[in-house]
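Note: the block below is entry37.cif and it holds mmCIF, N, CA and C atoms.
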```cif
data_input
#
loop_
_atom_site.label_atom_id
_atom_site.label_comp_id
_atom_site.auth_asym_id
_atom_site.auth_seq_id
_atom_site.Cartn_x
_atom_site.Cartn_y
_atom_site.Cartn_z
N MET A 7 64.33 5.52 -46.24
CA MET A 7 63.30 6.02 -45.37
C MET A 7 63.85 6.32 -43.97
N GLU A 8 64.79 5.52 -43.52
CA GLU A 8 65.34 5.71 -42.20
C GLU A 8 66.17 6.99 -42.12
N ALA A 9 66.87 7.30 -43.20
CA ALA A 9 67.68 8.52 -43.21
C ALA A 9 66.79 9.76 -43.08
N THR A 10 65.63 9.73 -43.70
CA THR A 10 64.70 10.85 -43.62
C THR A 10 64.18 11.02 -42.20
N ALA A 11 63.84 9.92 -41.55
CA ALA A 11 63.36 10.00 -40.17
C ALA A 11 64.46 10.54 -39.26
N GLU A 12 65.69 10.11 -39.48
CA GLU A 12 66.82 10.61 -38.68
C GLU A 12 67.01 12.11 -38.91
N GLY A 13 66.90 12.53 -40.15
CA GLY A 13 67.05 13.96 -40.45
C GLY A 13 65.97 14.78 -39.79
N MET A 14 64.75 14.26 -39.74
CA MET A 14 63.66 14.98 -39.10
C MET A 14 63.87 15.07 -37.60
N ARG A 15 64.41 14.02 -37.00
CA ARG A 15 64.69 14.05 -35.57
C ARG A 15 65.75 15.09 -35.26
N MET A 16 66.79 15.14 -36.06
CA MET A 16 67.84 16.13 -35.85
C MET A 16 67.31 17.54 -36.06
N SER A 17 66.44 17.69 -37.04
CA SER A 17 65.85 18.99 -37.32
C SER A 17 65.04 19.48 -36.12
N GLY A 18 64.24 18.61 -35.54
CA GLY A 18 63.45 18.97 -34.36
C GLY A 18 64.32 19.29 -33.17
N ARG A 19 65.41 18.55 -33.03
CA ARG A 19 66.33 18.79 -31.93
C ARG A 19 67.03 20.13 -32.08
N SER A 20 67.47 20.44 -33.30
CA SER A 20 68.15 21.71 -33.50
C SER A 20 67.18 22.88 -33.37
N PHE A 21 65.91 22.69 -33.76
CA PHE A 21 64.92 23.75 -33.58
C PHE A 21 64.71 24.01 -32.09
N GLY A 22 64.72 22.98 -31.28
CA GLY A 22 64.59 23.14 -29.83
C GLY A 22 65.75 23.92 -29.25
N ARG A 23 66.94 23.67 -29.76
CA ARG A 23 68.12 24.41 -29.30
C ARG A 23 68.04 25.88 -29.70
N ILE A 24 67.55 26.12 -30.91
CA ILE A 24 67.42 27.51 -31.38
C ILE A 24 66.38 28.24 -30.54
N ALA A 25 65.27 27.57 -30.24
CA ALA A 25 64.24 28.19 -29.41
C ALA A 25 64.77 28.50 -28.02
N THR A 26 65.53 27.58 -27.45
CA THR A 26 66.11 27.80 -26.12
C THR A 26 67.12 28.94 -26.15
N ALA A 27 67.99 28.95 -27.14
CA ALA A 27 68.99 30.01 -27.26
C ALA A 27 68.31 31.37 -27.45
N THR A 28 67.24 31.40 -28.22
CA THR A 28 66.52 32.64 -28.44
C THR A 28 65.92 33.16 -27.14
N LYS A 29 65.33 32.28 -26.38
CA LYS A 29 64.72 32.70 -25.11
C LYS A 29 65.76 33.17 -24.10
N VAL A 30 66.87 32.46 -24.02
CA VAL A 30 67.93 32.86 -23.08
C VAL A 30 68.49 34.22 -23.47
N LEU A 31 68.78 34.40 -24.74
CA LEU A 31 69.31 35.68 -25.22
C LEU A 31 68.29 36.80 -25.03
N ALA A 32 67.01 36.50 -25.23
CA ALA A 32 65.97 37.50 -25.03
C ALA A 32 65.88 37.93 -23.57
N VAL A 33 66.01 36.99 -22.65
CA VAL A 33 65.99 37.34 -21.23
C VAL A 33 67.20 38.21 -20.89
N VAL A 34 68.37 37.82 -21.36
CA VAL A 34 69.58 38.58 -21.06
C VAL A 34 69.48 40.00 -21.60
N LEU A 35 69.10 40.14 -22.86
CA LEU A 35 69.01 41.47 -23.45
C LEU A 35 67.83 42.27 -22.89
N GLY A 36 66.67 41.65 -22.77
CA GLY A 36 65.49 42.36 -22.28
C GLY A 36 65.69 42.90 -20.87
N VAL A 37 66.12 42.05 -19.97
CA VAL A 37 66.36 42.47 -18.58
C VAL A 37 67.54 43.45 -18.52
N GLY A 38 68.56 43.18 -19.32
CA GLY A 38 69.73 44.09 -19.34
C GLY A 38 69.37 45.48 -19.84
N TYR A 39 68.56 45.57 -20.88
CA TYR A 39 68.14 46.87 -21.39
C TYR A 39 67.32 47.62 -20.34
N ILE A 40 66.38 46.93 -19.72
CA ILE A 40 65.54 47.59 -18.71
C ILE A 40 66.40 48.05 -17.54
N ALA A 41 67.31 47.20 -17.09
CA ALA A 41 68.19 47.57 -15.98
C ALA A 41 69.06 48.76 -16.35
N ALA A 42 69.62 48.77 -17.56
CA ALA A 42 70.46 49.89 -17.98
C ALA A 42 69.64 51.18 -18.08
N GLY A 43 68.41 51.08 -18.55
CA GLY A 43 67.55 52.26 -18.64
C GLY A 43 67.20 52.82 -17.28
N VAL A 44 66.86 51.94 -16.34
CA VAL A 44 66.50 52.38 -14.99
C VAL A 44 67.71 52.97 -14.27
N VAL A 45 68.85 52.30 -14.39
CA VAL A 45 70.06 52.81 -13.75
C VAL A 45 70.48 54.14 -14.36
N GLY A 46 70.40 54.23 -15.69
CA GLY A 46 70.74 55.49 -16.35
C GLY A 46 69.83 56.62 -15.94
N ALA A 47 68.56 56.34 -15.79
CA ALA A 47 67.61 57.37 -15.36
C ALA A 47 67.81 57.73 -13.89
N ALA A 48 68.04 56.71 -13.06
CA ALA A 48 68.18 56.94 -11.63
C ALA A 48 69.43 57.74 -11.27
N PHE A 49 70.51 57.46 -11.97
CA PHE A 49 71.76 58.14 -11.64
C PHE A 49 72.04 59.34 -12.53
N GLY A 50 71.07 59.70 -13.34
CA GLY A 50 71.21 60.91 -14.14
C GLY A 50 72.34 60.85 -15.15
N VAL A 51 72.43 59.76 -15.87
CA VAL A 51 73.47 59.61 -16.88
C VAL A 51 73.04 60.42 -18.10
N THR A 52 73.17 61.72 -17.97
CA THR A 52 72.79 62.62 -19.05
C THR A 52 73.91 63.61 -19.29
N ASP A 53 73.69 64.48 -20.24
CA ASP A 53 74.72 65.47 -20.56
C ASP A 53 74.59 66.74 -19.74
N GLY A 54 73.79 66.71 -18.70
CA GLY A 54 73.67 67.86 -17.83
C GLY A 54 72.32 68.53 -17.85
N ASP A 55 71.67 68.59 -19.00
CA ASP A 55 70.38 69.26 -19.06
C ASP A 55 69.20 68.29 -19.07
N GLY A 56 69.46 67.02 -19.03
CA GLY A 56 68.39 66.03 -18.96
C GLY A 56 67.70 65.74 -20.28
N SER A 57 68.21 66.29 -21.37
CA SER A 57 67.53 66.11 -22.65
C SER A 57 67.61 64.69 -23.18
N ASP A 58 68.61 63.96 -22.77
CA ASP A 58 68.71 62.59 -23.28
C ASP A 58 68.11 61.56 -22.33
N LEU A 59 67.42 62.01 -21.30
CA LEU A 59 66.74 61.08 -20.40
C LEU A 59 65.65 60.31 -21.15
N ALA A 60 64.92 60.99 -22.00
CA ALA A 60 63.89 60.31 -22.80
C ALA A 60 64.54 59.28 -23.72
N PHE A 61 65.71 59.61 -24.25
CA PHE A 61 66.46 58.70 -25.10
C PHE A 61 66.74 57.40 -24.35
N TRP A 62 67.24 57.52 -23.13
CA TRP A 62 67.54 56.34 -22.32
C TRP A 62 66.28 55.54 -22.02
N LEU A 63 65.26 56.25 -21.59
CA LEU A 63 64.04 55.55 -21.17
C LEU A 63 63.33 54.88 -22.34
N VAL A 64 63.17 55.59 -23.43
CA VAL A 64 62.43 55.03 -24.56
C VAL A 64 63.20 53.88 -25.20
N LEU A 65 64.45 54.11 -25.53
CA LEU A 65 65.19 53.08 -26.24
C LEU A 65 65.54 51.88 -25.37
N LEU A 66 65.94 52.11 -24.15
CA LEU A 66 66.35 50.99 -23.32
C LEU A 66 65.18 50.30 -22.62
N VAL A 67 64.39 51.04 -21.90
CA VAL A 67 63.26 50.41 -21.20
C VAL A 67 62.22 49.93 -22.21
N GLY A 68 61.91 50.76 -23.19
CA GLY A 68 60.96 50.36 -24.23
C GLY A 68 61.48 49.18 -25.04
N GLY A 69 62.75 49.23 -25.41
CA GLY A 69 63.34 48.12 -26.16
C GLY A 69 63.35 46.83 -25.36
N GLY A 70 63.69 46.92 -24.08
CA GLY A 70 63.68 45.74 -23.22
C GLY A 70 62.29 45.15 -23.07
N ALA A 71 61.30 46.03 -22.92
CA ALA A 71 59.91 45.56 -22.81
C ALA A 71 59.47 44.87 -24.10
N LEU A 72 59.82 45.45 -25.25
CA LEU A 72 59.45 44.84 -26.53
C LEU A 72 60.11 43.47 -26.71
N VAL A 73 61.36 43.36 -26.31
CA VAL A 73 62.06 42.08 -26.42
C VAL A 73 61.36 41.02 -25.57
N LEU A 74 61.04 41.37 -24.34
CA LEU A 74 60.40 40.39 -23.45
C LEU A 74 58.98 40.06 -23.89
N ILE A 75 58.22 41.06 -24.30
CA ILE A 75 56.85 40.80 -24.78
C ILE A 75 56.89 39.96 -26.05
N GLY A 76 57.75 40.35 -26.98
CA GLY A 76 57.83 39.61 -28.23
C GLY A 76 58.29 38.18 -28.06
N SER A 77 59.18 37.96 -27.12
CA SER A 77 59.74 36.61 -26.96
C SER A 77 58.89 35.69 -26.10
N PHE A 78 58.14 36.23 -25.17
CA PHE A 78 57.45 35.36 -24.22
C PHE A 78 55.92 35.47 -24.23
N VAL A 79 55.37 36.61 -24.56
CA VAL A 79 53.93 36.78 -24.50
C VAL A 79 53.26 36.34 -25.80
N LEU A 80 53.90 36.59 -26.92
CA LEU A 80 53.29 36.36 -28.22
C LEU A 80 53.79 35.08 -28.88
N GLY A 81 53.89 34.01 -28.14
CA GLY A 81 54.38 32.76 -28.70
C GLY A 81 53.47 32.15 -29.76
N SER A 82 52.19 32.43 -29.69
CA SER A 82 51.26 31.86 -30.66
C SER A 82 51.24 32.62 -31.98
N ARG A 83 51.87 33.78 -32.02
CA ARG A 83 51.93 34.57 -33.26
C ARG A 83 53.41 34.81 -33.61
N PRO A 84 54.03 33.86 -34.28
CA PRO A 84 55.48 33.90 -34.48
C PRO A 84 55.98 35.10 -35.27
N VAL A 85 55.24 35.56 -36.25
CA VAL A 85 55.73 36.70 -37.05
C VAL A 85 55.71 37.97 -36.22
N LEU A 86 54.62 38.23 -35.51
CA LEU A 86 54.53 39.41 -34.65
C LEU A 86 55.57 39.33 -33.54
N SER A 87 55.78 38.14 -33.02
CA SER A 87 56.79 37.92 -31.99
C SER A 87 58.18 38.31 -32.51
N ALA A 88 58.52 37.86 -33.71
CA ALA A 88 59.83 38.18 -34.29
C ALA A 88 59.97 39.67 -34.56
N VAL A 89 58.90 40.31 -35.02
CA VAL A 89 58.96 41.74 -35.31
C VAL A 89 59.19 42.54 -34.02
N LEU A 90 58.40 42.27 -32.99
CA LEU A 90 58.56 43.01 -31.73
C LEU A 90 59.91 42.74 -31.09
N THR A 91 60.33 41.49 -31.11
CA THR A 91 61.64 41.15 -30.53
C THR A 91 62.76 41.86 -31.29
N SER A 92 62.67 41.89 -32.61
CA SER A 92 63.71 42.53 -33.42
C SER A 92 63.74 44.04 -33.22
N VAL A 93 62.57 44.67 -33.20
CA VAL A 93 62.52 46.13 -33.00
C VAL A 93 63.07 46.48 -31.62
N GLY A 94 62.68 45.72 -30.60
CA GLY A 94 63.20 45.98 -29.26
C GLY A 94 64.70 45.77 -29.14
N ALA A 95 65.19 44.70 -29.76
CA ALA A 95 66.63 44.41 -29.70
C ALA A 95 67.43 45.50 -30.39
N LEU A 96 66.95 45.95 -31.53
CA LEU A 96 67.67 47.00 -32.26
C LEU A 96 67.56 48.36 -31.57
N ALA A 97 66.44 48.64 -30.93
CA ALA A 97 66.29 49.90 -30.20
C ALA A 97 67.30 49.98 -29.05
N GLY A 98 67.40 48.91 -28.28
CA GLY A 98 68.37 48.89 -27.19
C GLY A 98 69.81 48.93 -27.70
N ALA A 99 70.05 48.30 -28.84
CA ALA A 99 71.40 48.30 -29.40
C ALA A 99 71.82 49.70 -29.83
N VAL A 100 70.86 50.49 -30.31
CA VAL A 100 71.18 51.88 -30.70
C VAL A 100 71.66 52.66 -29.48
N ALA A 101 70.99 52.48 -28.35
CA ALA A 101 71.36 53.21 -27.14
C ALA A 101 72.71 52.76 -26.58
N LEU A 102 73.05 51.50 -26.80
CA LEU A 102 74.30 50.97 -26.23
C LEU A 102 75.30 50.57 -27.32
N PHE A 103 75.26 51.28 -28.44
CA PHE A 103 76.12 50.93 -29.57
C PHE A 103 77.60 50.97 -29.23
N TRP A 104 77.99 51.83 -28.31
CA TRP A 104 79.39 52.01 -27.95
C TRP A 104 79.98 50.78 -27.25
N SER A 105 79.12 49.88 -26.75
CA SER A 105 79.63 48.73 -26.01
C SER A 105 80.11 47.60 -26.92
N VAL A 106 79.83 47.66 -28.19
CA VAL A 106 80.21 46.70 -29.22
C VAL A 106 79.53 45.34 -29.03
N ILE A 107 79.58 44.76 -27.86
CA ILE A 107 79.01 43.43 -27.66
C ILE A 107 77.48 43.45 -27.70
N VAL A 108 76.87 44.51 -27.21
CA VAL A 108 75.40 44.57 -27.19
C VAL A 108 74.83 44.58 -28.61
N PRO A 109 75.36 45.38 -29.52
CA PRO A 109 74.82 45.30 -30.89
C PRO A 109 75.02 43.92 -31.54
N VAL A 110 76.11 43.27 -31.24
CA VAL A 110 76.35 41.92 -31.78
C VAL A 110 75.32 40.94 -31.21
N LEU A 111 75.07 41.02 -29.91
CA LEU A 111 74.05 40.15 -29.30
C LEU A 111 72.66 40.48 -29.83
N ALA A 112 72.38 41.76 -30.05
CA ALA A 112 71.08 42.17 -30.58
C ALA A 112 70.88 41.61 -31.99
N LEU A 113 71.90 41.69 -32.81
CA LEU A 113 71.80 41.12 -34.16
C LEU A 113 71.62 39.61 -34.11
N ALA A 114 72.29 38.96 -33.19
CA ALA A 114 72.12 37.51 -33.03
C ALA A 114 70.68 37.19 -32.64
N LEU A 115 70.11 38.00 -31.74
CA LEU A 115 68.72 37.77 -31.33
C LEU A 115 67.76 38.01 -32.50
N VAL A 116 68.01 39.01 -33.31
CA VAL A 116 67.17 39.27 -34.48
C VAL A 116 67.20 38.06 -35.42
N VAL A 117 68.39 37.57 -35.71
CA VAL A 117 68.53 36.42 -36.62
C VAL A 117 67.83 35.19 -36.04
N LEU A 118 68.05 34.92 -34.77
CA LEU A 118 67.41 33.76 -34.14
C LEU A 118 65.89 33.90 -34.11
N SER A 119 65.39 35.09 -33.84
CA SER A 119 63.94 35.31 -33.79
C SER A 119 63.30 35.11 -35.16
N VAL A 120 63.93 35.63 -36.18
CA VAL A 120 63.40 35.48 -37.53
C VAL A 120 63.45 34.01 -37.95
N PHE A 121 64.55 33.35 -37.66
CA PHE A 121 64.67 31.93 -38.00
C PHE A 121 63.61 31.11 -37.28
N ARG A 122 63.40 31.41 -35.99
CA ARG A 122 62.40 30.69 -35.22
C ARG A 122 61.00 30.93 -35.78
N ALA A 123 60.71 32.17 -36.16
CA ALA A 123 59.39 32.48 -36.73
C ALA A 123 59.19 31.78 -38.06
N ARG A 124 60.22 31.74 -38.88
CA ARG A 124 60.11 31.05 -40.17
C ARG A 124 59.88 29.56 -39.98
N ARG A 125 60.57 28.97 -39.03
CA ARG A 125 60.39 27.54 -38.77
C ARG A 125 59.00 27.25 -38.23
N ALA A 126 58.51 28.12 -37.34
CA ALA A 126 57.17 27.92 -36.78
C ALA A 126 56.11 28.09 -37.86
N ALA A 127 56.29 29.05 -38.75
CA ALA A 127 55.34 29.27 -39.83
C ALA A 127 55.35 28.09 -40.80
N ALA A 128 56.51 27.52 -41.04
CA ALA A 128 56.62 26.38 -41.95
C ALA A 128 55.93 25.14 -41.36
N HIS A 129 55.96 24.99 -40.05
CA HIS A 129 55.32 23.85 -39.40
C HIS A 129 53.82 24.03 -39.30
N THR A 130 53.34 25.26 -39.43
CA THR A 130 51.91 25.54 -39.30
C THR A 130 51.17 25.09 -40.55
N PHE A 131 51.80 25.27 -41.70
CA PHE A 131 51.13 24.95 -42.97
C PHE A 131 51.36 23.54 -43.37
#
```
Here is the file; what I need is its structure written in the form of structure tokens.
Amino acid sequence: MEATAEGMRMSGRSFGRIATATKVLAVVLGVGYIAAGVVGAAFGVTDGDGSDLAFWLVLLVGGGALVLIGSFVLGSRPVLSAVLTSVGALAGAVALFWSVIVPVLALALVVLSVFRARRAAAHTF
């Protein structure tokens, strides 16, 4: 019986770490995406005719907003939170695919968000 109680304590502790890591990564990516979108739009990081300005704004600013909304506003709805966070993370990763590290961080956020949602759903029932 004692081993089971110890396992449950460790499980709760590791879930807290996952939740914290998810929130920290969401802040880094969400704010980073929005900042990259604003800077890209402000300094005209386009191919000359401005056609990719919408690309920057929608994918980066929109993706950053979805990450932040999904991670912090919708805490009571874990599945919707994971979906919005994942869509936003992947949208920003598409715009910054050339950086290599951003897509890796985005995938990590997707995995953490889904894991967190699954754990929260399991504790609900």
| task | Report as a list in words the residues that result from applying the PyMOL selection byres (((chain A and resi 114 and name CA) around 12) and name CA) to the structure here. | result | Ile24, Ala27, Thr28, Lys29, Val30, Leu31, Ala32, Leu35, Thr91, Ser92, Ala95, Leu96, Ala99, Ile107, Val108, Pro109, Val110, Leu111, Ala112, Leu113, Leu115, Val116, Val117, Leu118, Ser119, Val120 and Phe121 of chain A
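Rounded to one decimal, atom CA of Leu66 of chain A and atom CA of Val106 of chain A lie 15.7 Å from each other.
Counting from atom CA of Leu102 of chain A, the distance to atom CA of Gly43 of chain A is 10.2 Å.
Comparing A:Leu72, A:Ala48, A:Val85, A:Val79 by their smallest distance to Gly98 of chain A, the closest is A:Leu72 (using only C-alpha atoms).
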Picked residues, the PyMOL selection byres (((chain A and resi 39 and name CA) around 10) and name CA), as a PDB file with N, CA and C atoms, in the frame of the given file:
```pdb
ATOM      1  N   VAL A  33      66.010  36.990 -22.650  1.00  0.00           N
ATOM      2  CA  VAL A  33      65.990  37.340 -21.230  1.00  0.00           C
ATOM      3  C   VAL A  33      67.200  38.210 -20.890  1.00  0.00           C
ATOM      4  N   VAL A  34      68.370  37.820 -21.360  1.00  0.00           N
ATOM      5  CA  VAL A  34      69.580  38.580 -21.060  1.00  0.00           C
ATOM      6  C   VAL A  34      69.480  40.000 -21.600  1.00  0.00           C
ATOM      7  N   LEU A  35      69.100  40.140 -22.860  1.00  0.00           N
ATOM      8  CA  LEU A  35      69.010  41.470 -23.450  1.00  0.00           C
ATOM      9  C   LEU A  35      67.830  42.270 -22.890  1.00  0.00           C
ATOM     10  N   GLY A  36      66.670  41.650 -22.770  1.00  0.00           N
ATOM     11  CA  GLY A  36      65.490  42.360 -22.280  1.00  0.00           C
ATOM     12  C   GLY A  36      65.690  42.900 -20.870  1.00  0.00           C
ATOM     13  N   VAL A  37      66.120  42.050 -19.970  1.00  0.00           N
ATOM     14  CA  VAL A  37      66.360  42.470 -18.580  1.00  0.00           C
ATOM     15  C   VAL A  37      67.540  43.450 -18.520  1.00  0.00           C
ATOM     16  N   GLY A  38      68.560  43.180 -19.320  1.00  0.00           N
ATOM     17  CA  GLY A  38      69.730  44.090 -19.340  1.00  0.00           C
ATOM     18  C   GLY A  38      69.370  45.480 -19.840  1.00  0.00           C
ATOM     19  N   ILE A  40      66.380  46.930 -19.720  1.00  0.00           N
ATOM     20  CA  ILE A  40      65.540  47.590 -18.710  1.00  0.00           C
ATOM     21  C   ILE A  40      66.400  48.050 -17.540  1.00  0.00           C
ATOM     22  N   ALA A  41      67.310  47.200 -17.090  1.00  0.00           N
ATOM     23  CA  ALA A  41      68.190  47.570 -15.980  1.00  0.00           C
ATOM     24  C   ALA A  41      69.060  48.760 -16.350  1.00  0.00           C
ATOM     25  N   ALA A  42      69.620  48.770 -17.560  1.00  0.00           N
ATOM     26  CA  ALA A  42      70.460  49.890 -17.980  1.00  0.00           C
ATOM     27  C   ALA A  42      69.640  51.180 -18.080  1.00  0.00           C
ATOM     28  N   GLY A  43      68.410  51.080 -18.550  1.00  0.00           N
ATOM     29  CA  GLY A  43      67.550  52.260 -18.640  1.00  0.00           C
ATOM     30  C   GLY A  43      67.200  52.820 -17.280  1.00  0.00           C
ATOM     31  N   VAL A  44      66.860  51.940 -16.340  1.00  0.00           N
ATOM     32  CA  VAL A  44      66.500  52.380 -14.990  1.00  0.00           C
ATOM     33  C   VAL A  44      67.710  52.970 -14.270  1.00  0.00           C
ATOM     34  N   VAL A  45      68.850  52.300 -14.390  1.00  0.00           N
ATOM     35  CA  VAL A  45      70.060  52.810 -13.750  1.00  0.00           C
ATOM     36  C   VAL A  45      70.480  54.140 -14.360  1.00  0.00           C
ATOM     37  N   TRP A  62      67.240  57.520 -23.130  1.00  0.00           N
ATOM     38  CA  TRP A  62      67.540  56.340 -22.320  1.00  0.00           C
ATOM     39  C   TRP A  62      66.280  55.540 -22.020  1.00  0.00           C
ATOM     40  N   LEU A  63      65.260  56.250 -21.590  1.00  0.00           N
ATOM     41  CA  LEU A  63      64.040  55.550 -21.170  1.00  0.00           C
ATOM     42  C   LEU A  63      63.330  54.880 -22.340  1.00  0.00           C
ATOM     43  N   LEU A  65      64.450  54.110 -25.530  1.00  0.00           N
ATOM     44  CA  LEU A  65      65.190  53.080 -26.240  1.00  0.00           C
ATOM     45  C   LEU A  65      65.540  51.880 -25.370  1.00  0.00           C
ATOM     46  N   LEU A  66      65.940  52.110 -24.150  1.00  0.00           N
ATOM     47  CA  LEU A  66      66.350  50.990 -23.320  1.00  0.00           C
ATOM     48  C   LEU A  66      65.180  50.300 -22.620  1.00  0.00           C
ATOM     49  N   VAL A  67      64.390  51.040 -21.900  1.00  0.00           N
ATOM     50  CA  VAL A  67      63.260  50.410 -21.200  1.00  0.00           C
ATOM     51  C   VAL A  67      62.220  49.930 -22.210  1.00  0.00           C
ATOM     52  N   GLY A  68      61.910  50.760 -23.190  1.00  0.00           N
ATOM     53  CA  GLY A  68      60.960  50.360 -24.230  1.00  0.00           C
ATOM     54  C   GLY A  68      61.480  49.180 -25.040  1.00  0.00           C
ATOM     55  N   GLY A  69      62.750  49.230 -25.410  1.00  0.00           N
ATOM     56  CA  GLY A  69      63.340  48.120 -26.160  1.00  0.00           C
ATOM     57  C   GLY A  69      63.350  46.830 -25.360  1.00  0.00           C
ATOM     58  N   GLY A  70      63.690  46.920 -24.080  1.00  0.00           N
ATOM     59  CA  GLY A  70      63.680  45.740 -23.220  1.00  0.00           C
ATOM     60  C   GLY A  70      62.290  45.150 -23.070  1.00  0.00           C
ATOM     61  N   ALA A  71      61.300  46.030 -22.920  1.00  0.00           N
ATOM     62  CA  ALA A  71      59.910  45.560 -22.810  1.00  0.00           C
ATOM     63  C   ALA A  71      59.470  44.870 -24.100  1.00  0.00           C
ATOM     64  N   VAL A  73      61.360  43.360 -26.310  1.00  0.00           N
ATOM     65  CA  VAL A  73      62.060  42.080 -26.420  1.00  0.00           C
ATOM     66  C   VAL A  73      61.360  41.020 -25.570  1.00  0.00           C
ATOM     67  N   GLY A  94      62.680  45.720 -30.600  1.00  0.00           N
ATOM     68  CA  GLY A  94      63.200  45.980 -29.260  1.00  0.00           C
ATOM     69  C   GLY A  94      64.700  45.770 -29.140  1.00  0.00           C
ATOM     70  N   ALA A  95      65.190  44.700 -29.760  1.00  0.00           N
ATOM     71  CA  ALA A  95      66.630  44.410 -29.700  1.00  0.00           C
ATOM     72  C   ALA A  95      67.430  45.500 -30.390  1.00  0.00           C
ATOM     73  N   ALA A  97      66.440  48.640 -30.930  1.00  0.00           N
ATOM     74  CA  ALA A  97      66.290  49.900 -30.200  1.00  0.00           C
ATOM     75  C   ALA A  97      67.300  49.980 -29.050  1.00  0.00           C
ATOM     76  N   GLY A  98      67.400  48.910 -28.280  1.00  0.00           N
ATOM     77  CA  GLY A  98      68.370  48.890 -27.190  1.00  0.00           C
ATOM     78  C   GLY A  98      69.810  48.930 -27.700  1.00  0.00           C
ATOM     79  N   ALA A  99      70.050  48.300 -28.840  1.00  0.00           N
ATOM     80  CA  ALA A  99      71.400  48.300 -29.400  1.00  0.00           C
ATOM     81  C   ALA A  99      71.820  49.700 -29.830  1.00  0.00           C
ATOM     82  N   ALA A 101      70.990  52.480 -28.350  1.00  0.00           N
ATOM     83  CA  ALA A 101      71.360  53.210 -27.140  1.00  0.00           C
ATOM     84  C   ALA A 101      72.710  52.760 -26.580  1.00  0.00           C
ATOM     85  N   LEU A 102      73.050  51.500 -26.800  1.00  0.00           N
ATOM     86  CA  LEU A 102      74.300  50.970 -26.230  1.00  0.00           C
ATOM     87  C   LEU A 102      75.300  50.570 -27.320  1.00  0.00           C
ATOM     88  N   VAL A 108      76.870  44.510 -27.210  1.00  0.00           N
ATOM     89  CA  VAL A 108      75.400  44.570 -27.190  1.00  0.00           C
ATOM     90  C   VAL A 108      74.830  44.580 -28.610  1.00  0.00           C
TER      91      VAL A 108
END
```
| message | One decimal, in Å: what's the spacing between atom C of Leu74 of chain A and atom N of Leu90 of chain A? | response | 9.4 Å
| Residue nearest Val89 of chain A - candidates A:Gly76, A:Ala47, A:Val64, A:Ala126, atoms counted: all atoms listed in the file | A:Gly76
